[in-house]
Structures are given as structure tokens and as C-alpha cells.
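Below is one structure, written out as C-alpha cells; the observations come after it.
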Amino acid sequence: MDLSQQLHSLASDVGNDYAMSAPEDASRLIGKARRGRMVWTSGVGAVAAAGAATLAFGGPAVAAALSGDTQLEPAGPATESASVTPSPSVSPSPEPSVTPSPTPSPGVIDLTGGSTLGDDDDDDAYEDDDDAYEDDDDSSDDDDSSDDDDSSDDDSEDSEDD
Amino acid sequence: MSTWAKVMESVVRERRPALVGYAYLMTGSRTEAEDLVQDAIVRTFARGRAKTSVVQAEAYIKRAIANEAINRARHRMVVEQHKPLVATSYSAPGHEYMVSAQADLEAALEVLSPRERAVTILKYVDDLTIASIAAVLKLNDGTVKRYLANAAVKLREQLGDDAVNLTERVTVPVILTESRP
């Protein structure tokens with residue numbers, strides 16, 4: 001009898017011996033798994049909701065910036081040109097609501113740098129997008145942890161938890 | 001009852017004894033094998049995508065058992081290394097234990113390191129290839145071969161030369177001919 005047969009025989013003997021006194025705790029184990037599943041789902045679901053919220057709130061700003069509705073220009077020069085000589089090339093329709101940059105009073109430092117609201121929003125939007133992608137990656141990792149491919153990873157982490 | 005719960009119930013009722021036997025090969029302890037299997041089953045169904053078939057779930061559980069057995073054994077080794085030496089009473093094994101062929105096998109498996117033991121089980125019980133074993137344990141192919149070779153040497157020392165056959169070694173007949181000037 002070679003090694004493989006011996007190992008199979010040993011495992012079979014132990015399994016049969018265990019089967020004689022196996023506990024009937026299937027329902028208990030299923031309940032345990034269900035509780036763990038709820039925790040796992042809520043964790044991944046929270047990440048997905050955060051990503052969706054980020055896209056929902058950050059998406060329009062990004063879309064507006066990319067479509068050109070909002071003027072994305074360097075903050076300093078744009079403010080100077082608008083305050084000194086409002087050029088028609090920057091704002092074709094000279095409405096005060098479009099370029100509402102007031103002339104800075106002498107001696108007052110403009111801490112905002114004359115940046116428009118759209119700039120900040122766009123930066124935030126990009127950052128949020130990055131976060132969203134990171135979250136997606138994380139969530140995909142979690143998803144992959146259920147895959148057969150990274151069972152060892154997942155299990156090793158679990159074992160560390162243990 | 002949802003699909004995953006039905007699959008889990010089938011695994012627990014039908015495949016659990018076989019999994020305990022498999023885990024016993026990995027651990028060498030019946031108690032630890034039972035604990036390992038229960039843990040692996042719950043963990044497999046508690047997270048991730050639902051397993052939709054018993055075969056799929058069993059394969060996943062087996063891989064979880066292999067990795068968890070290695071982790072636990074290595075942890076136990078670290079604990080043993082740092083444990084203060086305490087005198088214990090010696091108890092000689094009984095006659096039944098000594099004459100059992102399975103006892104020889106179990107004693108031989110005890111000589112192996114956790115990873116050597118795992119690759120041996122994965123190869124000789126699961127019939128996995130080197131590449132598959134490497135994928136399960138996240139090791140390189142060469143590392144798996146080295147573990148297998150080391151395990152084979154140790155098992156031969158314990159069980160005899162005929163116990164282990166390295167099927168990877170293929171003997172190629174070489175015909176030597178005289179070179180003519």
C-alpha cells in the first residue's frame with residue numbers, strides 16, 4: 001500500500017469514527033454563518049454606499065468642469081485680469097453674476113487667491129473620485145476574498161485575527 | 001432557506017466527517033481537526049459570494065483547512081519555543097498503538113514541518129499538481145518541490161524506501177555511444 005492509499009485510509013477511518021458521534025449542530029452553524037454574513041454584507045454595503053454617495057455629489061462638479069461650463073483657469077491671473085480690465089474673452093456675456101470678482105481693496109490680502117468656487121469643487125470632486133476608486137478596490141478585494149483564488153490570503157488574515 | 005444555507009447544511013451533514021478526516025491528516029489531532037473544520041465551514045459561508053454547490057464549497061473549505069492548519073501549527077511552534085521547560089511524566093505508548101500501521105504513518109507525519117505536511121497531503125491525498133499546490137499555499141513552484149523533496153526524505157526515513165514514490169522524477173534512458181573521430 002503506497003503513501004496515498006495509506007493517507008486516504010487514515011482519513012477515512014478518522015472520518016468514519018467522527019461520523020459515529022458527529023453533533024447535530026447544522027442549524028447552529030448556519031446561524032453562526034448568517035450572523036457573520038450580515039456583518040460582512042453591512043461592511044461591504046457601507047463602502048459601496050459611500051462610493052455611490054461620493055459619485056453622486058462629486059459627479060456633477062466633475063462633469064461641469066469637463067464640459068467647460070465652469071471656467072477653470074489659474075486663480076491669480078484670472079482675478080487680476082477680471083478686476084483690472086474685464087476682458088470679454090473670458091466672459092462673453094458681461095453679466096455680473098458670471099464674473100463676480102470684486103476689486104480687492106488696497107492693503108487687503110486676498111487669502112482666497114481669487115479662486116472661483118468651481119475650482120474648489122473640482123478639486124474635491126477629483127479627490128472624492130480617487131477615494132471612490134480606492135473604496136471600489138477595497139470592496140473588490142473583499143469580493144475577491146470570497147473567491148477561490150485568494151482563500152489563503154483571506155484565511156491567513158483570519159488566522160491572524162484568531 | 002436561502003441557497004447558501006441549503007448548501008451549507010448539505011456540507012455539514014454529508015461532507016463533514018470526510019473533512020474532519022482530511023483535517024486530521026493536516027493537524028494530527030482529532031480535536032483540532034474538528035475545530036478546524038467547523039471554523040472553516042462557518043467562515044466559508046459567512047463571507048464572500050455564496051457557494052452554490054457542495055463540491056465548490058468543499059474545495060474552498062479544504063483550501064481553508066490547509067492554510068489554517070499551517071498557520072496554527074506555526075503559531076504552536078512559536079509558543080512551544082517560548083514556553084518554559086517543565087518536567088512532564090513519561091507515559092509509554094500502549095501495545096495497540098505501537099503495532100498499528102497507521103500509528104507509524106501518523107508518527108511519520110509528525111516529523112514533517114507544517115508546510116511539508118500540507119504539501120504532502122495536497123499532493124498524495126488531493127492529487128494536486130505542483131502548480132496547484134503552489135497556488136493554494138501561495139508559494140513558488142520551486143518551494144513546493146523543495147518541501148515535497150524534504151518531506152519524502154523524512155517519510156522514507158520513517159516508513160522505508162518504498163513508502164514514498166516521487167512521481168515527478170522521470171528517469172530518461174540514456175544510450176551512450178562511442179564517438180568516432
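We name chains A, B, ... following the order of the C-alpha cells; residues begin at 1 in each chain, and ligands are numbered from 1 as shown.
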Mind checking which residues fall within 7 Å of segment 127-137 of chain B, counting only C-alpha atoms, ignoring those fewer than 4 positions away in the same chain, and posting them as a PyMOL selection string?
(chain A and resi 152) or (chain B and resi 63+67+119+122-123+141+144)
Within 9 Å of chain A, which residues of chain B show up? Give each one with its shortest atom-to-atom distance in Å (one decimal) and the two atoms involved, counting only C-alpha atoms, rows by chain then rising residue number, as a tab-separated table.
```
residue	atom	partner	partner_atom	distance
B:Ala5	CA	A:Ile30	CA	6.4
B:Met8	CA	A:Ile30	CA	7.0
B:Glu9	CA	A:Ala26	CA	5.9
B:Ser10	CA	A:Ala26	CA	8.9
B:Val12	CA	A:Ala26	CA	6.0
B:Arg13	CA	A:Ala26	CA	7.1
B:Arg16	CA	A:Gly15	CA	8.0
B:Pro17	CA	A:Gly15	CA	4.3
B:Ala18	CA	A:Gly15	CA	5.0
B:Leu19	CA	A:Gly15	CA	7.3
B:Val20	CA	A:Gly15	CA	5.8
B:Gly21	CA	A:Ala11	CA	4.0
B:Tyr22	CA	A:Ala11	CA	5.5
B:Ala23	CA	A:Ala11	CA	8.2
B:Tyr24	CA	A:Ala11	CA	6.8
B:Leu25	CA	A:Ala11	CA	6.4
B:Arg30	CA	A:Val14	CA	7.9
B:Glu34	CA	A:Tyr18	CA	8.7
B:Gln38	CA	A:Leu29	CA	7.9
B:Ala40	CA	A:Asp155	CA	8.8
B:Ile41	CA	A:Leu29	CA	8.2
B:Val42	CA	A:Ala33	CA	5.1
B:Arg43	CA	A:Ala33	CA	6.9
B:Thr44	CA	A:Ser146	CA	7.7
B:Phe45	CA	A:Ala33	CA	5.8
B:Ala46	CA	A:Ala33	CA	4.3
B:Arg47	CA	A:Arg37	CA	5.2
B:Gly48	CA	A:Ser146	CA	3.9
B:Arg49	CA	A:Ser146	CA	5.6
B:Ala50	CA	A:Ser146	CA	8.3
B:Gln56	CA	A:Asp148	CA	8.9
B:Ala59	CA	A:Asp148	CA	8.5
B:Tyr60	CA	A:Asp148	CA	6.2
B:Ile61	CA	A:Ser151	CA	8.9
B:Arg63	CA	A:Ser151	CA	6.9
B:Ala64	CA	A:Asp155	CA	6.2
B:Ile65	CA	A:Asp155	CA	8.8
B:Ala66	CA	A:Ser152	CA	8.6
B:Asn67	CA	A:Ser152	CA	5.9
B:Glu68	CA	A:Ser159	CA	6.5
B:Asn71	CA	A:Ser159	CA	6.8
B:Arg72	CA	A:Ser159	CA	7.7
B:Ala101	CA	A:Gln6	CA	9.0
B:Gln102	CA	A:Leu10	CA	6.6
B:Leu105	CA	A:Gln6	CA	7.7
B:Glu106	CA	A:Leu10	CA	8.7
B:Ile121	CA	A:Leu7	CA	7.8
B:Lys123	CA	A:Ser4	CA	8.5
B:Tyr124	CA	A:Ser4	CA	4.8
B:Val125	CA	A:Ser4	CA	5.9
B:Asp127	CA	A:Ser4	CA	8.8
B:Ala135	CA	A:Asp149	CA	7.8
B:Val136	CA	A:Ser152	CA	6.6
B:Leu137	CA	A:Ser152	CA	6.4
B:Lys138	CA	A:Ser152	CA	7.1
B:Asp162	CA	A:Asp2	CA	7.7
B:Ala163	CA	A:Leu3	CA	5.7
B:Val164	CA	A:Leu3	CA	6.0
B:Asn165	CA	A:Asp2	CA	8.1
```
Which parts of segment 2-176 of chain B does DSSP call helix (DSSP H, G or I) when run on the backbone here, written out as a VMD selection string?
chain B and resid 3 to 27 30 to 46 54 to 81 95 to 99 101 to 111 114 to 124 130 to 137 141 to 159
Between atom CA of Ser42 of chain A and atom CA of Asp35 of chain B - distance in Å to one decimal
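We find that atom CA of Asp35 of chain B and atom CA of Ser42 of chain A lie 26.9 Å from each other.
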Contacts of segment 108-112 of chain B within 8 Å, only C-alpha atoms, excl. fewer than 2 positions in-chain, as a ChimeraX atom specification:
/B:28,104-106,114-117,151,154-155,158-159
Can you work out the spacing between atom CA of Ser29 of chain B and atom CA of Ser113 of chain B in Å, to one decimal?
14.9 Å
What is the atom CA of Arg15 of chain B-atom CA of Val54 of chain B distance in Å, reported with one decimal?
8.5 Å
